[in-house]
file protein16.cif (mmCIF, C-alpha atoms)
data_start
#
loop_
_atom_site.label_atom_id
_atom_site.label_comp_id
_atom_site.auth_asym_id
_atom_site.auth_seq_id
_atom_site.Cartn_x
_atom_site.Cartn_y
_atom_site.Cartn_z
CA MET M 218 0.00 0.00 0.00
CA HIS M 219 1.14 3.54 -0.80
CA SER M 220 -0.19 6.74 0.77
CA GLU M 221 0.60 10.42 0.30
CA THR M 222 -0.90 13.91 0.45
CA ILE M 223 -1.57 15.46 -2.95
CA GLU M 224 -3.00 18.79 -4.11
CA LEU M 225 -6.27 19.19 -5.99
CA GLN M 226 -7.67 22.28 -7.66
CA THR M 227 -11.11 23.64 -6.67
CA PRO M 228 -12.99 26.80 -7.67
CA ASP M 229 -11.89 28.25 -4.31
CA GLY M 230 -8.21 27.44 -4.68
CA PRO M 231 -5.94 24.46 -4.03
CA MET M 232 -7.03 21.74 -1.63
CA ALA M 233 -4.89 19.06 -0.03
CA ALA M 234 -6.12 15.47 -0.16
CA TYR M 235 -4.78 12.35 1.51
CA ILE M 236 -4.79 9.34 -0.80
CA ALA M 237 -4.07 5.67 -0.13
CA GLN M 238 -3.69 3.05 -2.84
CA PRO M 239 -3.46 -0.72 -2.68
CA GLU M 240 -0.55 -2.49 -4.29
CA GLY M 241 -1.43 -2.81 -7.95
CA GLU M 242 -3.84 0.10 -8.37
CA GLU M 243 -4.97 -1.34 -11.68
CA ASP M 244 -6.46 -4.29 -9.75
CA ALA M 245 -8.40 -2.10 -7.27
CA ARG M 246 -12.00 -3.09 -6.54
CA GLY M 247 -13.14 0.52 -6.90
CA ALA M 248 -12.48 3.94 -5.39
CA ILE M 249 -13.79 5.68 -2.27
CA VAL M 250 -14.01 9.34 -1.29
CA VAL M 251 -13.60 9.57 2.49
CA ILE M 252 -15.25 12.61 4.09
CA GLN M 253 -13.85 13.84 7.38
CA GLU M 254 -15.50 14.50 10.70
CA ALA M 255 -15.90 18.07 11.97
CA PHE M 256 -12.33 17.79 13.28
CA GLY M 257 -10.62 17.64 9.90
CA VAL M 258 -8.47 15.10 8.09
CA ASN M 259 -6.66 13.95 11.21
CA GLU M 260 -4.78 10.74 12.01
CA HIS M 261 -8.04 8.81 12.41
CA ILE M 262 -9.40 9.82 8.99
CA GLU M 263 -6.05 9.01 7.41
CA ASP M 264 -6.17 5.61 9.12
CA VAL M 265 -9.70 4.98 7.78
CA THR M 266 -8.48 5.93 4.30
CA ARG M 267 -5.67 3.38 4.59
CA ARG M 268 -8.15 0.75 5.78
CA PHE M 269 -10.03 1.12 2.50
CA ALA M 270 -6.77 0.68 0.61
CA THR M 271 -6.09 -2.48 2.61
CA ALA M 272 -9.57 -3.66 1.59
CA GLY M 273 -8.60 -3.16 -2.07
CA TYR M 274 -9.88 0.34 -2.86
CA VAL M 275 -8.15 3.52 -3.93
CA ALA M 276 -9.30 5.99 -1.26
CA ILE M 277 -9.00 9.77 -1.09
CA ALA M 278 -9.81 12.14 1.79
CA PRO M 279 -10.14 15.79 0.71
CA HIS M 280 -9.21 18.47 3.28
CA LEU M 281 -12.52 20.35 3.35
CA PHE M 282 -11.27 23.15 5.60
CA HIS M 283 -8.95 24.64 3.00
CA ARG M 284 -11.01 27.85 2.72
CA ALA M 285 -10.21 28.66 6.35
CA GLY M 286 -6.54 27.82 5.95
CA GLY M 287 -6.81 24.11 6.69
CA GLY M 288 -5.87 22.23 9.81
CA THR M 289 -7.54 20.03 12.38
CA ALA M 290 -9.11 20.45 15.80
CA PRO M 291 -8.82 18.16 18.83
CA TYR M 292 -11.79 15.95 19.61
CA GLY M 293 -14.36 17.68 21.80
CA ASP M 294 -12.98 21.23 21.48
CA PHE M 295 -15.63 22.96 19.38
CA SER M 296 -14.11 26.37 20.07
CA LYS M 297 -11.38 25.29 17.64
CA VAL M 298 -13.77 23.57 15.26
CA MET M 299 -16.00 26.50 14.38
CA PRO M 300 -13.30 28.74 12.84
CA LEU M 301 -12.46 25.89 10.44
CA PHE M 302 -15.99 26.06 9.01
CA GLU M 303 -15.42 29.59 7.74
CA GLY M 304 -16.51 29.94 4.12
CA LEU M 305 -17.87 26.39 3.92
CA THR M 306 -21.22 25.86 2.17
CA ASP M 307 -23.04 22.96 0.54
CA ASP M 308 -21.98 24.23 -2.88
CA GLY M 309 -18.38 24.35 -1.68
CA LEU M 310 -18.60 20.83 -0.27
CA LEU M 311 -19.93 19.56 -3.58
CA ALA M 312 -17.11 21.32 -5.43
CA ASP M 313 -14.56 19.67 -3.14
CA VAL M 314 -16.08 16.23 -3.67
CA ASP M 315 -16.16 16.89 -7.41
CA ALA M 316 -12.42 17.63 -7.31
CA ALA M 317 -11.77 14.35 -5.49
CA THR M 318 -13.92 12.29 -7.85
CA ALA M 319 -12.29 13.98 -10.86
CA ASN M 320 -8.91 12.79 -9.58
CA LEU M 321 -10.27 9.26 -9.26
CA GLU M 322 -11.73 9.43 -12.76
CA GLU M 323 -8.31 10.47 -14.06
CA ARG M 324 -7.03 7.26 -12.48
CA GLY M 325 -9.45 5.24 -14.59
CA PHE M 326 -12.56 4.90 -12.41
CA ASP M 327 -15.95 5.91 -13.77
CA HIS M 328 -18.60 7.33 -11.45
CA HIS M 329 -20.32 3.96 -10.99
CA GLN M 330 -17.04 2.57 -9.60
CA ILE M 331 -16.68 5.40 -7.07
CA GLY M 332 -18.26 5.40 -3.61
CA ILE M 333 -18.34 7.98 -0.84
CA VAL M 334 -18.32 7.51 2.93
CA GLY M 335 -18.57 10.22 5.56
CA PHE M 336 -18.36 10.47 9.33
CA CYS M 337 -20.06 13.03 11.60
CA MET M 338 -20.39 16.15 9.39
CA GLY M 339 -19.19 13.87 6.59
CA GLY M 340 -22.23 11.66 7.12
CA ARG M 341 -24.43 14.56 6.08
CA VAL M 342 -22.09 15.29 3.15
CA SER M 343 -22.53 11.69 1.98
CA PHE M 344 -26.30 12.27 1.83
CA LEU M 345 -25.87 15.64 0.10
CA VAL M 346 -23.71 14.00 -2.56
CA ALA M 347 -26.12 11.07 -2.91
CA ALA M 348 -28.93 13.55 -3.61
CA ARG M 349 -27.08 15.73 -6.10
CA ARG M 350 -24.49 13.51 -7.75
CA THR M 351 -24.57 10.07 -9.34
CA LEU M 352 -21.98 7.73 -7.83
CA GLY M 353 -21.93 4.01 -7.26
CA ALA M 354 -22.78 4.07 -3.55
CA ALA M 355 -22.75 6.27 -0.44
CA VAL M 356 -22.48 5.56 3.29
CA GLY M 357 -23.03 7.96 6.18
CA PHE M 358 -21.89 7.31 9.75
CA TYR M 359 -23.87 9.34 12.35
CA GLY M 360 -24.53 12.21 9.96
CA GLY M 361 -26.40 14.96 11.78
CA GLY M 362 -28.32 17.73 10.08
CA ILE M 363 -30.11 15.60 7.48
CA VAL M 364 -33.54 15.89 9.14
CA THR M 365 -32.98 18.80 11.54
CA ALA M 366 -30.47 21.55 10.68
CA ARG M 367 -27.52 21.94 13.07
CA PHE M 368 -25.69 24.86 11.43
CA PRO M 369 -27.30 27.85 9.66
CA GLN M 370 -25.26 27.41 6.47
CA PHE M 371 -26.25 23.75 6.19
CA PRO M 372 -30.04 23.36 5.73
CA PRO M 373 -31.83 20.05 6.31
CA LEU M 374 -31.78 17.67 3.37
CA ILE M 375 -34.71 15.35 3.99
CA ASP M 376 -36.84 17.06 1.33
CA GLU M 377 -34.28 15.87 -1.23
CA VAL M 378 -35.06 12.18 -0.58
CA PRO M 379 -37.08 11.88 -3.85
CA GLU M 380 -34.06 13.25 -5.73
CA LEU M 381 -31.57 10.66 -4.46
CA LYS M 382 -29.34 9.50 -7.30
CA THR M 383 -26.90 7.29 -5.38
CA PRO M 384 -27.73 4.26 -3.18
CA TRP M 385 -27.30 5.41 0.44
CA LEU M 386 -26.68 3.54 3.71
CA GLY M 387 -27.03 5.41 7.00
CA LEU M 388 -25.55 4.15 10.29
CA PHE M 389 -26.70 5.73 13.58
CA GLY M 390 -26.35 5.19 17.33
CA ASP M 391 -29.43 5.40 19.55
CA GLN M 392 -27.36 7.06 22.30
CA ASP M 393 -26.31 9.90 19.98
CA GLU M 394 -27.59 13.00 21.78
CA SER M 395 -27.11 15.14 18.66
CA ILE M 396 -29.30 12.97 16.39
CA PRO M 397 -32.65 12.00 17.95
CA VAL M 398 -33.94 8.51 17.24
CA GLU M 399 -37.15 10.18 16.03
CA ASP M 400 -35.14 11.91 13.29
CA VAL M 401 -33.52 8.63 12.28
CA GLU M 402 -36.90 6.91 12.02
CA ARG M 403 -38.38 9.80 10.07
CA LEU M 404 -35.48 9.52 7.65
CA ARG M 405 -35.96 5.76 7.37
CA ASP M 406 -39.67 6.19 6.64
CA ASP M 407 -39.06 8.87 4.02
CA LEU M 408 -36.38 6.79 2.32
CA THR M 409 -38.63 3.73 2.28
CA GLU M 410 -41.57 5.64 0.84
CA ARG M 411 -39.95 8.14 -1.51
CA ALA M 412 -36.36 7.26 -2.42
CA PRO M 413 -35.89 6.07 -6.02
CA VAL M 414 -32.63 4.20 -5.28
CA PRO M 415 -31.63 1.39 -2.88
CA ASN M 416 -31.24 2.56 0.71
CA SER M 417 -30.90 1.27 4.23
CA VAL M 418 -30.83 2.72 7.76
CA VAL M 419 -29.21 0.84 10.63
CA ARG M 420 -29.48 1.73 14.32
CA TYR M 421 -27.15 0.58 17.10
CA PRO M 422 -29.03 0.64 20.44
CA ASN M 423 -25.95 1.00 22.67
CA ALA M 424 -23.81 3.30 20.51
CA GLY M 425 -23.45 7.06 20.60
CA HIS M 426 -22.04 9.70 18.29
CA GLY M 427 -18.59 8.86 16.94
CA PHE M 428 -18.93 5.16 17.68
CA HIS M 429 -16.65 4.20 14.79
CA CYS M 430 -13.70 6.36 15.90
CA ASP M 431 -11.27 4.43 18.08
CA GLU M 432 -9.68 7.70 19.23
CA ARG M 433 -12.85 8.93 20.95
CA GLU M 434 -14.38 7.95 24.27
CA SER M 435 -17.60 7.13 22.43
CA PHE M 436 -15.90 4.34 20.45
CA ASP M 437 -18.02 1.20 20.45
CA ALA M 438 -16.04 -1.75 19.12
CA GLU M 439 -19.07 -3.92 18.35
CA ALA M 440 -20.95 -1.21 16.46
CA ALA M 441 -17.76 -0.08 14.69
CA GLU M 442 -17.00 -3.60 13.47
CA ASP M 443 -20.55 -4.15 12.26
CA GLY M 444 -20.69 -0.72 10.61
CA TRP M 445 -17.45 -1.35 8.76
CA ARG M 446 -18.66 -4.77 7.60
CA ARG M 447 -21.89 -3.25 6.31
CA THR M 448 -19.99 -0.45 4.59
CA ILE M 449 -17.72 -2.82 2.68
CA ALA M 450 -20.72 -4.99 1.78
CA TRP M 451 -22.65 -1.92 0.53
CA PHE M 452 -19.77 -0.96 -1.73
CA GLU M 453 -19.34 -4.53 -2.94
CA GLN M 454 -23.05 -4.69 -3.74
CA ASN M 455 -23.39 -1.35 -5.51
CA LEU M 456 -20.06 -0.37 -7.09
CA ARG M 457 -19.67 -1.63 -10.63
#
call {"tool": "encode", "arguments": {"input": "protein16.cif", "output": "structure tokens"}}
result
Amino acid sequence: MHSETIELQTPDGPMAAYIAQPEGEEDARGAIVVIQEAFGVNEHIEDVTRRFATAGYVAIAPHLFHRAGGGTAPYGDFSKVMPLFEGLTDDGLLADVDAATANLEERGFDHHQIGIVGFCMGGRVSFLVAARRTLGAAVGFYGGGIVTARFPQFPPLIDEVPELKTPWLGLFGDQDESIPVEDVERLRDDLTERAPVPNSVVRYPNAGHGFHCDERESFDAEAAEDGWRRTIAWFEQNLR
């Protein structure tokens, strides 16, 4: 496996991206865009990106905070998180994902061979992309703000369910104080009734926000293992 940080061009200037590739990129099973938590492309997100490479995918994690100068924030310190959101909008997020997918397309993957996975704020981004872009598959881990807005610049997205273009899997913890179970079930119902593409919502009764991150106190090994297994299976099922 090989990993490095590269530079991509966006309408708002250059953006760093961490990329990990399996040995023999030409034999890769597909490609994955990895979307960070609200804390940036830190060691955990880089580790997740490498895990996808180990599983046989070319994976790329764009640094979405480039408009604010880039960087990361420590877990739990939202006083250092909020300045990193400066200048970030849904249109900007889509432009950043477009830059990452364009890089993967240059490497020989078409959009049906590309998936996206996001964590925390990235979970919402995965849904945003699924609604407005056509990729092979999308997965969101504990993505808040889909049903009920959490930040003024990021409106709720549930009304876009009928517009979904990419199969979407959502993974949530019942103990997540930032995403009510009622919101998760409303999303499930809307997806079941109105989504034109395959979808699935999974709840973990004993898990909270950030359950997949082994660097956070909320890490839940059982939910993390099951969520990862479901993620790989979703990509295997839907990427062509």
call {"tool": "closest_residue", "arguments": {"input": "protein16.cif", "among": "M:Val250, M:Leu281, M:Ile375, M:Ala234", "to": "Gly309 (chain M)", "atoms": "only C-alpha atoms"}}
result
M:Leu281
call {"tool": "residues_around", "arguments": {"input": "protein16.cif", "residues": "region 430-440 of chain M", "least_positions_apart": "5", "cutoff": "8 Å", "atoms": "only C-alpha atoms", "output": "MDAnalysis selection string"}}
result
chainID M and resid 261 292 421 424:425
call {"tool": "resolve_selection", "arguments": {"input": "protein16.cif", "expression": "the PyMOL selection byres ((chain M and resi 402-419) around 8)", "output": "list in words"}}
result
Val364, Ile375, Val378, Pro379, Glu380, Leu381, Lys382, Thr383, Pro384, Trp385, Leu386, Gly387, Leu388, Phe389, Val398, Glu399, Asp400, Val401, Arg420 and Tyr421 of chain M
call {"tool": "write_last_selection", "arguments": {"input": "protein16.cif", "atoms": "C-alpha atoms", "output": "short mmCIF file (atom, residue, chain, number, x, y, z; two decimals), keeping the file's coordinate frame"}}
result
data_model
loop_
_atom_site.label_atom_id
_atom_site.label_comp_id
_atom_site.auth_asym_id
_atom_site.auth_seq_id
_atom_site.Cartn_x
_atom_site.Cartn_y
_atom_site.Cartn_z
CA VAL M 364 -33.54 15.89 9.14
CA ILE M 375 -34.71 15.35 3.99
CA VAL M 378 -35.06 12.18 -0.58
CA PRO M 379 -37.08 11.88 -3.85
CA GLU M 380 -34.06 13.25 -5.73
CA LEU M 381 -31.57 10.66 -4.46
CA LYS M 382 -29.34 9.50 -7.30
CA THR M 383 -26.90 7.29 -5.38
CA PRO M 384 -27.73 4.26 -3.18
CA TRP M 385 -27.30 5.41 0.44
CA LEU M 386 -26.68 3.54 3.71
CA GLY M 387 -27.03 5.41 7.00
CA LEU M 388 -25.55 4.15 10.29
CA PHE M 389 -26.70 5.73 13.58
CA VAL M 398 -33.94 8.51 17.24
CA GLU M 399 -37.15 10.18 16.03
CA ASP M 400 -35.14 11.91 13.29
CA VAL M 401 -33.52 8.63 12.28
CA ARG M 420 -29.48 1.73 14.32
CA TYR M 421 -27.15 0.58 17.10
#
call {"tool": "closest_residue", "arguments": {"input": "protein16.cif", "among": "M:Val334, M:Leu456, M:Ala366, M:Thr266", "to": "Gly444 (chain M)", "atoms": "all atoms listed in the file"}}
result
M:Val334
call {"tool": "closest_residue", "arguments": {"input": "protein16.cif", "among": "M:Ser395, M:Gln454, M:Gln370, M:Gln253", "to": "Thr289 (chain M)", "atoms": "only C-alpha atoms"}}
result
M:Gln253
call {"tool": "resolve_selection", "arguments": {"input": "protein16.cif", "expression": "the PyMOL selection byres ((chain M and resi 235-239) around 12)", "output": "MDAnalysis selection string"}}
result
chainID M and resid 218:225 232:234 240:253 257:281 317:318 320:321 324
call {"tool": "residues_around", "arguments": {"input": "protein16.cif", "residues": "region 296-300 of chain M", "least_positions_apart": "5", "cutoff": "8 Å", "atoms": "only C-alpha atoms", "output": "VMD selection string"}}
result
chain M and resid 255 to 256 285 289 to 291
call {"tool": "write_last_selection", "arguments": {"input": "protein16.cif", "atoms": "C-alpha atoms", "output": "PDB file, in the coordinates of the input"}}
result
ATOM      1  CA  ALA M 255     -15.900  18.070  11.970  1.00  0.00           C
ATOM      2  CA  PHE M 256     -12.330  17.790  13.280  1.00  0.00           C
ATOM      3  CA  ALA M 285     -10.210  28.660   6.350  1.00  0.00           C
ATOM      4  CA  THR M 289      -7.540  20.030  12.380  1.00  0.00           C
ATOM      5  CA  ALA M 290      -9.110  20.450  15.800  1.00  0.00           C
ATOM      6  CA  PRO M 291      -8.820  18.160  18.830  1.00  0.00           C
TER       7      PRO M 291
END
call {"tool": "atom_distance", "arguments": {"input": "protein16.cif", "atom1": "CA of Leu305 (chain M)", "atom2": "CA of Gly357 (chain M)"}}
result
19.3 Å
call {"tool": "atom_distance", "arguments": {"input": "protein16.cif", "atom1": "CA of Phe344 (chain M)", "atom2": "CA of Ile363 (chain M)"}}
result
7.6 Å
call {"tool": "atom_distance", "arguments": {"input": "protein16.cif", "atom1": "CA of Val314 (chain M)", "atom2": "CA of Gly288 (chain M)"}}
result
17.9 Å
call {"tool": "residues_around", "arguments": {"input": "protein16.cif", "residues": "Asn455 (chain M)", "least_positions_apart": "2", "cutoff": "8 Å", "atoms": "all atoms listed in the file", "output": "list in words"}}
result
Gly353, Ala354, Pro384, Trp451, Phe452, Glu453 and Arg457 of chain M
call {"tool": "residues_around", "arguments": {"input": "protein16.cif", "residues": "Leu345 (chain M)", "least_positions_apart": "5", "cutoff": "10 Å", "atoms": "all atoms listed in the file", "output": "list of chain:residue names"}}
result
M:Asp307, M:Asp308, M:Leu310, M:Leu311, M:Gly339, M:Gly340, M:Arg350, M:Ala355, M:Ile363, M:Pro373, M:Leu374, M:Ile375, M:Glu377, M:Val378, M:Leu381
call {"tool": "decode", "arguments": {"input": "protein16.cif", "residues": "region 318-340 of chain M", "atoms": "C-alpha atoms", "output": "PDB file, in the first residue's frame"}}
result
ATOM      1  CA  THR M 318     -13.923  12.292  -7.855  1.00  0.00           C
ATOM      2  CA  ALA M 319     -12.291  13.984 -10.860  1.00  0.00           C
ATOM      3  CA  ASN M 320      -8.911  12.795  -9.578  1.00  0.00           C
ATOM      4  CA  LEU M 321     -10.267   9.257  -9.259  1.00  0.00           C
ATOM      5  CA  GLU M 322     -11.730   9.426 -12.760  1.00  0.00           C
ATOM      6  CA  GLU M 323      -8.314  10.467 -14.058  1.00  0.00           C
ATOM      7  CA  ARG M 324      -7.031   7.262 -12.481  1.00  0.00           C
ATOM      8  CA  GLY M 325      -9.447   5.237 -14.591  1.00  0.00           C
ATOM      9  CA  PHE M 326     -12.562   4.903 -12.409  1.00  0.00           C
ATOM     10  CA  ASP M 327     -15.950   5.910 -13.770  1.00  0.00           C
ATOM     11  CA  HIS M 328     -18.603   7.332 -11.453  1.00  0.00           C
ATOM     12  CA  HIS M 329     -20.318   3.958 -10.991  1.00  0.00           C
ATOM     13  CA  GLN M 330     -17.043   2.573  -9.604  1.00  0.00           C
ATOM     14  CA  ILE M 331     -16.682   5.395  -7.066  1.00  0.00           C
ATOM     15  CA  GLY M 332     -18.262   5.403  -3.612  1.00  0.00           C
ATOM     16  CA  ILE M 333     -18.342   7.982  -0.835  1.00  0.00           C
ATOM     17  CA  VAL M 334     -18.318   7.512   2.927  1.00  0.00           C
ATOM     18  CA  GLY M 335     -18.569  10.216   5.564  1.00  0.00           C
ATOM     19  CA  PHE M 336     -18.355  10.468   9.333  1.00  0.00           C
ATOM     20  CA  CYS M 337     -20.060  13.025  11.599  1.00  0.00           C
ATOM     21  CA  MET M 338     -20.390  16.148   9.391  1.00  0.00           C
ATOM     22  CA  GLY M 339     -19.187  13.872   6.592  1.00  0.00           C
ATOM     23  CA  GLY M 340     -22.232  11.659   7.121  1.00  0.00           C
TER      24      GLY M 340
END
